[in-house]
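Trainee: Have a peek at final_14.txt (compact mmCIF, C-alpha atoms).
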```
# COMPACT_ATOMS: atom_id res chain seq x y z
CA MET M 318 147.42 -132.44 115.81
CA THR M 319 148.59 -136.03 115.93
CA THR M 320 146.71 -139.17 116.77
CA GLU M 321 147.98 -142.43 118.12
CA THR M 322 146.91 -145.66 116.54
CA GLU M 323 146.29 -148.47 118.94
CA GLY M 324 147.75 -151.85 118.16
CA PRO M 325 145.55 -154.84 117.53
CA ALA M 326 143.70 -156.10 120.57
CA PRO M 327 145.04 -159.35 121.97
CA ALA M 328 143.27 -162.39 120.65
CA ALA M 329 140.62 -163.77 122.96
CA LEU M 330 141.59 -167.01 124.63
CA ALA M 331 139.75 -170.11 123.63
CA PRO M 332 138.11 -171.96 126.54
CA ILE M 333 140.61 -173.83 128.65
CA ALA M 334 138.88 -177.09 127.80
CA GLU M 335 139.91 -176.50 124.19
CA ARG M 336 143.38 -175.09 124.79
CA ALA M 337 144.37 -177.88 127.14
CA ALA M 338 143.77 -180.51 124.44
CA ALA M 339 143.47 -183.09 127.18
CA PRO M 340 143.57 -186.78 126.27
CA ALA M 341 140.39 -188.72 127.00
CA THR M 342 142.42 -191.50 128.60
CA LEU M 343 145.96 -191.88 129.84
CA THR M 344 148.32 -194.62 128.69
CA LEU M 345 150.42 -196.27 131.37
CA PRO M 346 154.09 -196.76 130.49
CA THR M 347 154.97 -200.15 129.07
CA ALA M 348 158.74 -199.66 128.88
CA GLY M 349 160.73 -201.55 131.48
CA GLY M 350 158.00 -204.06 132.22
CA LEU M 351 156.95 -202.27 135.41
CA THR M 352 153.72 -202.56 137.37
CA TRP M 353 152.05 -199.21 137.94
CA ARG M 354 149.68 -197.93 140.61
CA PRO M 355 148.92 -194.66 142.45
CA ALA M 356 150.96 -193.70 145.51
CA THR M 357 149.57 -194.20 149.01
CA ARG M 358 150.76 -192.91 152.36
CA ASP M 359 152.17 -196.37 153.09
CA ASP M 360 154.61 -195.80 150.20
CA VAL M 361 156.31 -192.82 151.84
CA PRO M 362 159.44 -194.74 153.01
CA VAL M 363 160.21 -196.36 149.64
CA TRP M 364 159.21 -193.23 147.73
CA LEU M 365 161.57 -191.17 149.88
CA ALA M 366 164.39 -193.66 149.35
CA LEU M 367 164.00 -193.53 145.56
CA ARG M 368 163.68 -189.77 145.40
CA ASN M 369 166.82 -189.26 147.45
CA HIS M 370 168.77 -191.92 145.56
CA ILE M 371 167.97 -190.03 142.36
CA ALA M 372 168.87 -186.70 144.02
CA ARG M 373 172.30 -187.97 145.05
CA ALA M 374 172.97 -189.59 141.69
CA ASP M 375 172.11 -186.33 139.91
CA ALA M 376 174.08 -184.17 142.39
CA GLU M 377 171.03 -182.14 143.35
CA PRO M 378 171.70 -179.59 146.13
CA TYR M 379 169.01 -181.02 148.40
CA VAL M 380 167.23 -184.19 149.50
CA GLU M 381 163.63 -184.75 150.53
CA THR M 382 162.26 -185.65 153.94
CA ALA M 383 159.53 -188.05 154.96
CA GLU M 384 157.58 -185.07 156.29
CA GLU M 385 157.62 -183.40 152.87
CA ILE M 386 156.33 -186.49 151.07
CA ASP M 387 153.79 -187.36 153.75
CA GLU M 388 152.40 -183.81 153.54
CA LEU M 389 151.43 -184.42 149.92
CA PHE M 390 148.60 -186.63 151.12
CA ASP M 391 147.17 -183.87 153.34
CA GLY M 392 146.23 -181.44 150.58
CA ALA M 393 142.51 -181.88 149.89
CA TRP M 394 142.98 -180.33 146.45
CA ARG M 395 145.19 -183.25 145.42
CA ASP M 396 143.70 -186.44 144.08
CA MET M 397 146.63 -188.75 144.70
CA ALA M 398 144.71 -191.68 143.24
CA ALA M 399 144.61 -189.90 139.87
CA ASP M 400 147.60 -187.56 140.08
CA SER M 401 150.38 -189.90 141.24
CA LEU M 402 151.97 -192.99 139.74
CA LEU M 403 154.55 -195.45 141.06
CA GLY M 404 156.28 -198.12 138.95
CA PHE M 405 157.55 -201.34 140.58
CA ASP M 406 159.73 -204.06 139.12
CA GLY M 407 159.07 -207.80 139.36
CA ASP M 408 160.76 -207.98 142.77
CA GLY M 409 158.52 -205.25 144.17
CA ALA M 410 161.22 -202.57 144.18
CA LEU M 411 160.16 -199.01 143.35
CA VAL M 412 161.81 -197.92 140.09
CA ALA M 413 159.96 -194.78 138.96
CA TRP M 414 157.51 -192.20 140.25
CA ALA M 415 155.41 -189.31 139.00
CA LEU M 416 153.21 -186.62 140.51
CA VAL M 417 151.13 -183.86 138.89
CA ASP M 418 150.06 -180.96 141.09
CA SER M 419 147.81 -177.98 140.42
CA PRO M 420 147.69 -175.26 143.12
CA PRO M 421 144.09 -174.50 144.13
CA GLY M 422 144.48 -170.75 144.58
CA ASP M 423 145.25 -169.88 140.96
CA VAL M 424 143.18 -166.95 139.68
CA THR M 425 144.74 -165.04 136.77
CA GLU M 426 146.46 -168.12 135.35
CA VAL M 427 146.10 -171.82 136.03
CA ARG M 428 149.18 -173.96 136.48
CA THR M 429 150.13 -177.61 136.65
CA PHE M 430 153.52 -178.85 137.80
CA CYS M 431 154.98 -182.20 136.78
CA TRP M 432 157.41 -184.07 139.03
CA GLY M 433 158.98 -187.46 138.60
CA GLY M 434 162.05 -189.61 138.26
CA VAL M 435 163.51 -192.96 137.27
CA HIS M 436 166.10 -194.99 139.17
CA PRO M 437 169.51 -194.29 137.60
CA ASP M 438 170.10 -197.99 136.94
CA ARG M 439 166.94 -198.17 134.82
CA ARG M 440 167.49 -195.11 132.66
CA GLY M 441 167.82 -195.50 128.92
CA GLU M 442 164.93 -197.99 128.64
CA GLY M 443 162.31 -195.41 127.63
CA ILE M 444 160.60 -195.40 131.04
CA GLY M 445 161.16 -191.70 131.62
CA ARG M 446 159.85 -190.68 128.20
CA GLN M 447 156.63 -192.67 128.58
CA LEU M 448 156.19 -191.61 132.20
CA PHE M 449 156.57 -187.95 131.30
CA ALA M 450 153.98 -188.38 128.54
CA TRP M 451 151.62 -189.67 131.23
CA GLU M 452 152.44 -186.65 133.41
CA THR M 453 151.80 -184.06 130.70
CA GLY M 454 148.62 -185.85 129.68
CA ARG M 455 147.37 -185.76 133.26
CA ALA M 456 148.43 -182.12 133.53
CA ARG M 457 146.32 -181.25 130.49
CA GLN M 458 143.38 -183.14 131.99
CA LYS M 459 143.65 -181.13 135.21
CA LEU M 460 143.83 -177.85 133.29
CA ALA M 461 140.77 -178.75 131.24
CA ALA M 462 138.86 -179.75 134.37
CA SER M 463 139.73 -176.52 136.19
CA GLY M 464 137.17 -174.52 134.23
CA LYS M 465 139.41 -171.47 134.57
CA ASP M 466 139.44 -169.67 131.23
CA VAL M 467 142.72 -167.87 131.86
CA PRO M 468 146.25 -168.42 130.56
CA ALA M 469 147.51 -171.87 131.48
CA ARG M 470 150.85 -173.56 132.03
CA VAL M 471 152.35 -177.05 132.22
CA ALA M 472 155.67 -176.69 134.03
CA VAL M 473 158.69 -178.57 135.33
CA PHE M 474 161.83 -177.52 137.18
CA ALA M 475 165.39 -178.60 136.53
CA GLU M 476 168.67 -177.84 138.26
CA ASP M 477 171.34 -176.22 136.12
CA ASN M 478 173.47 -179.35 136.54
CA SER M 479 170.64 -181.75 135.76
CA PRO M 480 171.55 -184.61 133.42
CA ALA M 481 171.38 -183.40 129.83
CA THR M 482 169.05 -186.29 129.03
CA LYS M 483 166.46 -184.92 131.47
CA VAL M 484 166.46 -181.46 129.90
CA ARG M 485 166.27 -182.98 126.40
CA LEU M 486 163.30 -185.06 127.51
CA TYR M 487 161.46 -181.91 128.57
CA GLU M 488 162.36 -179.99 125.44
CA ARG M 489 161.35 -182.83 123.11
CA ALA M 490 157.98 -182.85 124.87
CA GLY M 491 157.53 -179.22 123.86
CA LEU M 492 158.58 -177.42 127.04
CA GLU M 493 160.81 -174.37 126.77
CA PRO M 494 162.91 -172.54 129.38
CA ARG M 495 160.89 -169.64 130.80
CA ARG M 496 162.44 -168.63 134.09
CA TYR M 497 165.76 -168.89 135.88
CA TYR M 498 166.49 -169.01 139.60
CA SER M 499 169.61 -168.56 141.70
CA ASP M 500 170.43 -170.23 144.98
CA LEU M 501 172.31 -167.73 147.15
CA ALA M 502 174.37 -168.25 150.30
CA ARG M 503 175.90 -165.82 152.80
CA PRO M 504 178.48 -166.90 155.42
CA LEU M 505 177.60 -166.19 159.04
CA THR M 506 180.79 -167.32 160.75
CA GLY M 507 184.49 -166.58 160.37
CA PRO M 508 186.83 -163.69 161.15
CA ASP M 509 186.22 -161.84 157.88
CA VAL M 510 182.43 -162.17 157.81
CA PRO M 511 180.68 -158.80 158.19
CA PRO M 512 178.05 -158.54 160.91
CA VAL M 513 174.39 -158.82 160.06
CA PRO M 514 173.15 -155.23 159.80
CA ASP M 515 170.85 -153.68 162.37
CA VAL M 516 167.75 -152.42 160.58
CA GLU M 517 165.79 -149.60 162.16
CA LEU M 518 162.11 -149.53 161.34
CA THR M 519 160.35 -146.19 161.24
CA GLY M 520 156.91 -144.97 162.21
CA SER M 521 154.51 -147.59 163.48
CA LEU M 522 156.34 -150.59 162.02
CA ARG M 523 157.38 -153.26 164.52
CA LEU M 524 159.38 -156.48 164.16
CA VAL M 525 157.93 -159.52 165.94
CA PRO M 526 158.77 -163.23 166.08
CA TRP M 527 156.56 -165.62 164.17
CA SER M 528 153.27 -166.40 165.88
CA GLU M 529 150.69 -168.84 164.63
CA ASP M 530 148.07 -166.25 165.58
CA LEU M 531 149.46 -164.10 162.76
CA ALA M 532 149.59 -166.88 160.14
CA GLU M 533 146.53 -165.62 158.27
CA ALA M 534 147.77 -162.02 158.31
CA ALA M 535 151.10 -163.27 156.96
CA ARG M 536 149.33 -165.18 154.18
CA LEU M 537 147.49 -162.03 153.10
CA ALA M 538 150.76 -160.10 153.13
CA HIS M 539 152.43 -162.76 151.00
CA ASN M 540 149.61 -162.81 148.46
CA ASP M 541 149.89 -159.04 148.11
CA ALA M 542 153.70 -158.99 148.01
CA PHE M 543 153.89 -161.56 145.23
CA ARG M 544 150.94 -160.33 143.19
CA ASP M 545 153.26 -158.68 140.65
CA HIS M 546 155.81 -161.52 140.57
CA TRP M 547 155.86 -163.55 137.37
CA GLY M 548 154.10 -166.88 137.74
CA SER M 549 152.91 -166.24 141.27
CA GLN M 550 149.30 -166.80 142.31
CA PRO M 551 147.46 -166.40 145.64
CA GLN M 552 147.87 -169.12 148.23
CA THR M 553 144.79 -170.53 149.90
CA ARG M 554 144.65 -171.13 153.65
CA GLU M 555 145.18 -174.84 153.08
CA GLN M 556 148.22 -174.28 150.88
CA TRP M 557 149.67 -171.83 153.40
CA ALA M 558 149.28 -174.39 156.19
CA GLN M 559 151.52 -176.87 154.36
CA ARG M 560 154.96 -175.90 155.62
CA ALA M 561 157.06 -179.04 155.95
CA GLY M 562 160.42 -178.09 157.43
CA PHE M 563 159.11 -174.76 158.72
CA ALA M 564 161.24 -173.25 161.50
CA PRO M 565 159.07 -170.78 163.46
CA GLU M 566 162.01 -169.97 165.73
CA TRP M 567 163.85 -168.58 162.69
CA SER M 568 160.87 -166.71 161.21
CA PHE M 569 159.89 -163.08 161.70
CA LEU M 570 157.13 -160.64 160.78
CA VAL M 571 156.80 -156.88 160.59
CA LEU M 572 153.53 -155.34 161.73
CA ASP M 573 152.13 -151.88 161.16
CA ASP M 574 150.58 -151.02 164.51
CA ALA M 575 148.86 -147.91 163.18
CA PRO M 576 148.13 -148.32 159.46
CA ASP M 577 146.38 -145.60 157.51
CA VAL M 578 143.26 -147.70 157.08
CA ASP M 579 141.34 -145.10 155.08
CA ALA M 580 144.17 -144.68 152.59
CA LEU M 581 144.64 -148.41 152.21
CA LEU M 582 140.91 -148.99 151.71
CA ALA M 583 140.82 -146.21 149.11
CA SER M 584 143.75 -147.70 147.18
CA PRO M 585 142.85 -149.80 144.14
CA ASP M 586 145.87 -151.96 144.96
CA THR M 587 144.36 -153.24 148.21
CA ASP M 588 142.92 -156.67 147.60
CA PRO M 589 139.46 -157.63 148.93
CA ASP M 590 140.79 -160.02 151.58
CA THR M 591 143.10 -157.37 153.01
CA ALA M 592 140.31 -154.80 152.92
CA ALA M 593 138.06 -157.13 154.89
CA ALA M 594 140.81 -157.71 157.46
CA LEU M 595 141.38 -153.96 157.81
CA ARG M 596 137.68 -153.30 158.36
CA ALA M 597 137.63 -156.02 161.00
CA GLY M 598 140.59 -154.47 162.80
CA GLU M 599 142.84 -157.47 162.23
CA PRO M 600 146.64 -157.09 162.57
CA LEU M 601 148.37 -155.93 159.40
CA VAL M 602 151.52 -157.85 158.53
CA VAL M 603 153.53 -155.77 156.06
CA GLY M 604 156.76 -157.77 155.86
CA TYR M 605 157.78 -161.33 156.57
CA GLU M 606 160.59 -163.88 156.51
CA LEU M 607 159.60 -167.54 156.81
CA ALA M 608 162.50 -169.91 157.28
CA GLY M 609 163.03 -173.65 157.08
CA ARG M 610 165.34 -176.04 158.90
CA TYR M 611 166.62 -178.70 156.49
CA THR M 612 169.20 -180.63 158.48
CA GLU M 613 169.23 -183.48 155.94
CA ASP M 614 170.77 -181.05 153.45
CA PHE M 615 173.72 -180.07 155.64
CA GLU M 616 175.76 -183.05 154.45
CA VAL M 617 174.71 -182.48 150.84
CA ARG M 618 175.91 -178.88 150.88
CA GLY M 619 178.88 -179.44 153.16
CA TYR M 620 177.86 -176.82 155.72
CA THR M 621 175.08 -175.98 158.15
CA PHE M 622 172.59 -173.30 157.20
CA GLY M 623 169.25 -171.67 157.80
CA TYR M 624 167.03 -171.36 154.74
CA THR M 625 164.78 -168.39 154.00
CA ASP M 626 161.90 -170.04 152.20
CA ILE M 627 159.90 -166.89 151.47
CA LEU M 628 160.56 -163.22 152.01
CA GLY M 629 158.48 -160.22 151.05
CA ALA M 630 156.86 -156.93 151.83
CA ARG M 631 153.47 -155.58 150.92
CA ARG M 632 153.68 -153.46 147.81
CA ALA M 633 152.47 -150.33 149.62
CA TYR M 634 155.34 -150.76 152.10
CA ARG M 635 158.23 -151.35 149.72
CA GLY M 636 161.10 -149.01 150.49
CA ARG M 637 160.40 -149.02 154.23
CA LYS M 638 162.84 -151.88 154.99
CA ALA M 639 160.17 -154.25 156.29
CA ALA M 640 161.53 -157.24 154.37
CA LEU M 641 165.13 -156.30 155.15
CA ALA M 642 164.38 -156.11 158.88
CA ALA M 643 162.69 -159.52 158.82
CA LEU M 644 165.53 -161.05 156.81
CA ALA M 645 168.21 -159.63 159.09
CA ALA M 646 166.36 -161.00 162.12
CA GLY M 647 166.26 -164.41 160.49
CA MET M 648 169.97 -164.27 159.70
CA ARG M 649 170.77 -163.40 163.32
CA ALA M 650 168.61 -166.30 164.48
CA PHE M 651 170.51 -168.65 162.16
CA ALA M 652 173.83 -167.39 163.51
CA ALA M 653 172.67 -167.66 167.13
CA GLU M 654 172.20 -171.40 166.62
CA GLY M 655 175.62 -171.78 165.08
CA MET M 656 174.55 -172.06 161.44
CA GLN M 657 177.46 -171.40 159.11
CA TYR M 658 175.42 -169.90 156.26
CA ALA M 659 172.18 -168.15 155.45
CA VAL M 660 170.66 -169.49 152.21
CA LEU M 661 167.77 -168.51 149.96
CA ASP M 662 166.51 -168.85 146.40
CA VAL M 663 165.51 -165.97 144.13
CA ASP M 664 163.96 -165.47 140.71
CA THR M 665 166.62 -163.82 138.55
CA ALA M 666 163.99 -161.37 137.23
CA ASN M 667 162.51 -160.50 140.64
CA PRO M 668 160.68 -157.14 140.25
CA SER M 669 161.26 -155.91 143.81
CA GLY M 670 164.99 -155.20 143.54
CA ALA M 671 165.80 -158.21 145.70
CA HIS M 672 169.09 -158.98 143.93
CA GLY M 673 170.63 -155.69 144.98
CA LEU M 674 169.43 -156.24 148.53
CA TYR M 675 170.94 -159.71 148.77
CA ALA M 676 174.23 -158.62 147.20
CA SER M 677 174.52 -155.77 149.70
CA LEU M 678 174.15 -158.31 152.51
CA GLY M 679 176.90 -160.54 151.14
CA TYR M 680 174.85 -163.25 149.46
CA VAL M 681 176.51 -164.91 146.47
CA ARG M 682 175.22 -167.41 143.94
CA THR M 683 176.02 -171.07 144.58
CA THR M 684 173.74 -173.02 142.22
CA GLY M 685 170.89 -172.35 139.82
CA SER M 686 167.77 -173.87 138.38
CA ARG M 687 165.21 -173.18 135.69
CA MET M 688 161.56 -173.62 134.96
CA LEU M 689 160.50 -175.04 131.59
CA SER M 690 156.92 -174.90 130.44
CA ILE M 691 154.26 -175.19 127.79
CA GLU M 692 152.15 -172.02 127.75
CA LEU M 693 148.54 -172.48 126.75
```
Write the structure described by the file as structure tokens, please.

Mentor:
Amino acid sequence: MTTETEGPAPAALAPIAERAAAPATLTLPTAGGLTWRPATRDDVPVWLALRNHIARADAEPYVETAEEIDELFDGAWRDMAADSLLGFDGDGALVAWALVDSPPGDVTEVRTFCWGGVHPDRRGEGIGRQLFAWETGRARQKLAASGKDVPARVAVFAEDNSPATKVRLYERAGLEPRRYYSDLARPLTGPDVPPVPDVELTGSLRLVPWSEDLAEAARLAHNDAFRDHWGSQPQTREQWAQRAGFAPEWSFLVLDDAPDVDALLASPDTDPDTAAALRAGEPLVVGYELAGRYTEDFEVRGYTFGYTDILGARRAYRGRKAALAALAAGMRAFAAEGMQYAVLDVDTANPSGAHGLYASLGYVRTTGSRMLSIEL
């Protein structure tokens, strides 16, 4: 007879207020002689101009829109007066910006994301280093204030072709690369381009165009689909409603018109929100493709495209082609409007086998990015 010896139990986490090690006060940058204040909605035009000037200088594969920046002020969970910072020179020109965001739906881990930039002509003066110190300090304050005693993260994102100085700045501040992402594109036009496959759904599954009446059912499907994806946390209704650039005409859902309600309710994998919707007889979205129209990026990339922002299938429905059917419908919608490419972004360690799916459809990698973080 043999016995197995269990390994040591994981150490209990200290309270987040301790782990965050948040500074009592934040120090405004002094480098560059700038004047600092929080962002307001009136700043959207100049903020947009700076962000896109930086994006072009750094050869980023996208630019921002006024809608995307304006939407930041609509999230009630954001305190823009405390979480944003703009730096102006003596002539009143915007030189640098920062934003710290913490999604409100986090449950099993709590995250803060730091964003910011400095005008290329003012780099090398120490502004970015001091500004990023302000960002990480504010991020730690938000983590400490969350009261969520779960694993925590301070994170940033960087394109693979980001200036080396930017990546060094993050690494010197203690952040390490944790995750890698690939931007994929698939041609939709040309004599040698294979057709978008027809996907036949079986049983009671049915493909439908996006409808705002199904937005909540789609949110529940997304939260379930991404529950086992690294770094993903549930989205609240308010988060889900923020969809700048959303193209409903390019977005599709898959419904199960006759779900096995008893089996789903008996499954330990069915989350409480989905269970409540099932008991109430609400529609069950099991797969989805939500697309965005980013016309400002056509010139940046050199071609027109439709962008699949999020794609997924409920875990109980994986293997039934729900996500594939929704994606194929989106691709056909892109092509019907003359888009030259279908584009999407994927985590390189996606657990759902998405890479094989995209490769089989003709998607190839065009650019990449990474997430760096401090894990607390």

Trainee: Report as a list in words all protein, DNA and RNA residues lying within 10 Å of Tyr379 in chain M, evaluated on only C-alpha atoms, omitting residues in the same chain fewer than 3 positions from it.

Mentor: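 That gives Asn369, Ala372, Arg373, Ala376, Thr382, Tyr611, Glu613, Asp614, Phe615, Glu616, Val617 and Arg618 of chain M.
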
Trainee: Given the choices M:Arg485, M:Arg649, M:Ala475, M:Thr591, which gets closest to Tyr497 in chain M if the distance is worked out from only C-alpha atoms?

Mentor: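 For Tyr497 in chain M, the nearest of the candidates is M:Ala475.
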
Trainee: Which residues are near Pro332 in chain M? Cut-off 12 Å, all atoms listed in the file, ignore same chain within fewer than 5 positions. Put them as a PyMOL selection string.

Mentor: chain M and resi 337-338+460-469+693

Trainee: For Ala339 in chain M, which of M:Ala532, M:Val681, M:Ala456, M:Ala608 is the closest residue, counting only C-alpha atoms?

Mentor: M:Ala456

Trainee: Residues at most 9 Å from Ala642 in chain M, counting all atoms listed in the file, excluding those fewer than 2 positions away in the same chain, as a VMD selection string?

Mentor: chain M and resid 514 to 518 524 569 to 571 604 to 606 638 to 640 644 to 647

Trainee: Dump C-alpha atoms for the selected residues as a PDB file, in the frame of the given file?

Mentor:
```
ATOM      1  CA  PRO M 514     173.150-155.230 159.800  1.00  0.00           C
ATOM      2  CA  ASP M 515     170.850-153.680 162.370  1.00  0.00           C
ATOM      3  CA  VAL M 516     167.750-152.420 160.580  1.00  0.00           C
ATOM      4  CA  GLU M 517     165.790-149.600 162.160  1.00  0.00           C
ATOM      5  CA  LEU M 518     162.110-149.530 161.340  1.00  0.00           C
ATOM      6  CA  LEU M 524     159.380-156.480 164.160  1.00  0.00           C
ATOM      7  CA  PHE M 569     159.890-163.080 161.700  1.00  0.00           C
ATOM      8  CA  LEU M 570     157.130-160.640 160.780  1.00  0.00           C
ATOM      9  CA  VAL M 571     156.800-156.880 160.590  1.00  0.00           C
ATOM     10  CA  GLY M 604     156.760-157.770 155.860  1.00  0.00           C
ATOM     11  CA  TYR M 605     157.780-161.330 156.570  1.00  0.00           C
ATOM     12  CA  GLU M 606     160.590-163.880 156.510  1.00  0.00           C
ATOM     13  CA  LYS M 638     162.840-151.880 154.990  1.00  0.00           C
ATOM     14  CA  ALA M 639     160.170-154.250 156.290  1.00  0.00           C
ATOM     15  CA  ALA M 640     161.530-157.240 154.370  1.00  0.00           C
ATOM     16  CA  LEU M 644     165.530-161.050 156.810  1.00  0.00           C
ATOM     17  CA  ALA M 645     168.210-159.630 159.090  1.00  0.00           C
ATOM     18  CA  ALA M 646     166.360-161.000 162.120  1.00  0.00           C
ATOM     19  CA  GLY M 647     166.260-164.410 160.490  1.00  0.00           C
TER      20      GLY M 647
END
```

Trainee: Which residue, M:Leu678, M:Leu448, M:Ile371, M:Ala561, has the smallest gap to Glu385 in chain M when you use only C-alpha atoms?

Mentor: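 Checking each of M:Leu678, M:Leu448, M:Ile371, M:Ala561 against Glu385 in chain M, counting only C-alpha atoms, the winner is M:Ala561.
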
Trainee: Applying 8 Å and all atoms listed in the file, which residues near range 592-599 of chain M remain after dropping the ones on its own chain fewer than 5 positions away? List them as a list in words.

Mentor: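 Final neighbour list, sorted by chain and number: Ala534, Val578, Leu581, Leu582 and Thr587 of chain M.
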
Trainee: Pick the closest to Thr621 in chain M from M:Asp400, M:Glu654, M:Glu566, M:Glu426: which is it, counting all atoms listed in the file?

Mentor: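 Checking each candidate against Thr621 in chain M, we get M:Glu654 as the closest.
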
Trainee: Could you pull the residues within 6 Å of range 416-423 of chain M, counting all atoms listed in the file, minus those fewer than 5 positions along the same chain, as JSON, numbers by chain?

Mentor: {"M": [400, 401, 428, 429, 430, 431, 432, 550, 551, 552, 553]}

Trainee: Give me, please, the distance in Å between CA of Glu452 in chain M and CA of Ile333 in chain M, quoted to one decimal.

Mentor: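 If I compute the distance from CA of Glu452 in chain M to CA of Ile333 in chain M, I get 18.1 Å.
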
Trainee: As an exercise, work out the distance from CA of Ser686 in chain M to CA of Asn478 in chain M in Å and give it to one decimal place.

Mentor: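 Result for CA of Ser686 in chain M versus CA of Asn478 in chain M: 8.1 Å, one decimal.
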
Trainee: Give the padded box for range 584-601 of chain M as AutoDock Vina command-line options: axis-aligned, covering all atoms listed in the file, 8 Å on each side, centre and edge lengths in Å to one decimal.

Mentor:
```
--center_x 143.0 --center_y -153.9 --center_z 153.5 --size_x 26.7 --size_y 28.3 --size_z 34.7
```

Trainee: Provide the CA of Leu607 in chain M to CA of Met656 in chain M distance in Å, to one decimal place.

Mentor: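 For CA of Leu607 in chain M relative to CA of Met656 in chain M, the distance reads 16.3 Å.
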
Trainee: For Asp500 in chain M, which of M:Ala481, M:Ala334, M:Ala398, M:Val660 is the closest residue, counting only C-alpha atoms?

Mentor: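 Smallest distance to Asp500 in chain M is found for M:Val660.
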
Trainee: Select, from M:Leu537, M:Ala652, M:Ala331, M:Ile444, the residue with the minimum atom-to-atom distance to Asp588 in chain M, counting all atoms listed in the file.

Mentor: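 For Asp588 in chain M, the nearest of the candidates is M:Leu537.
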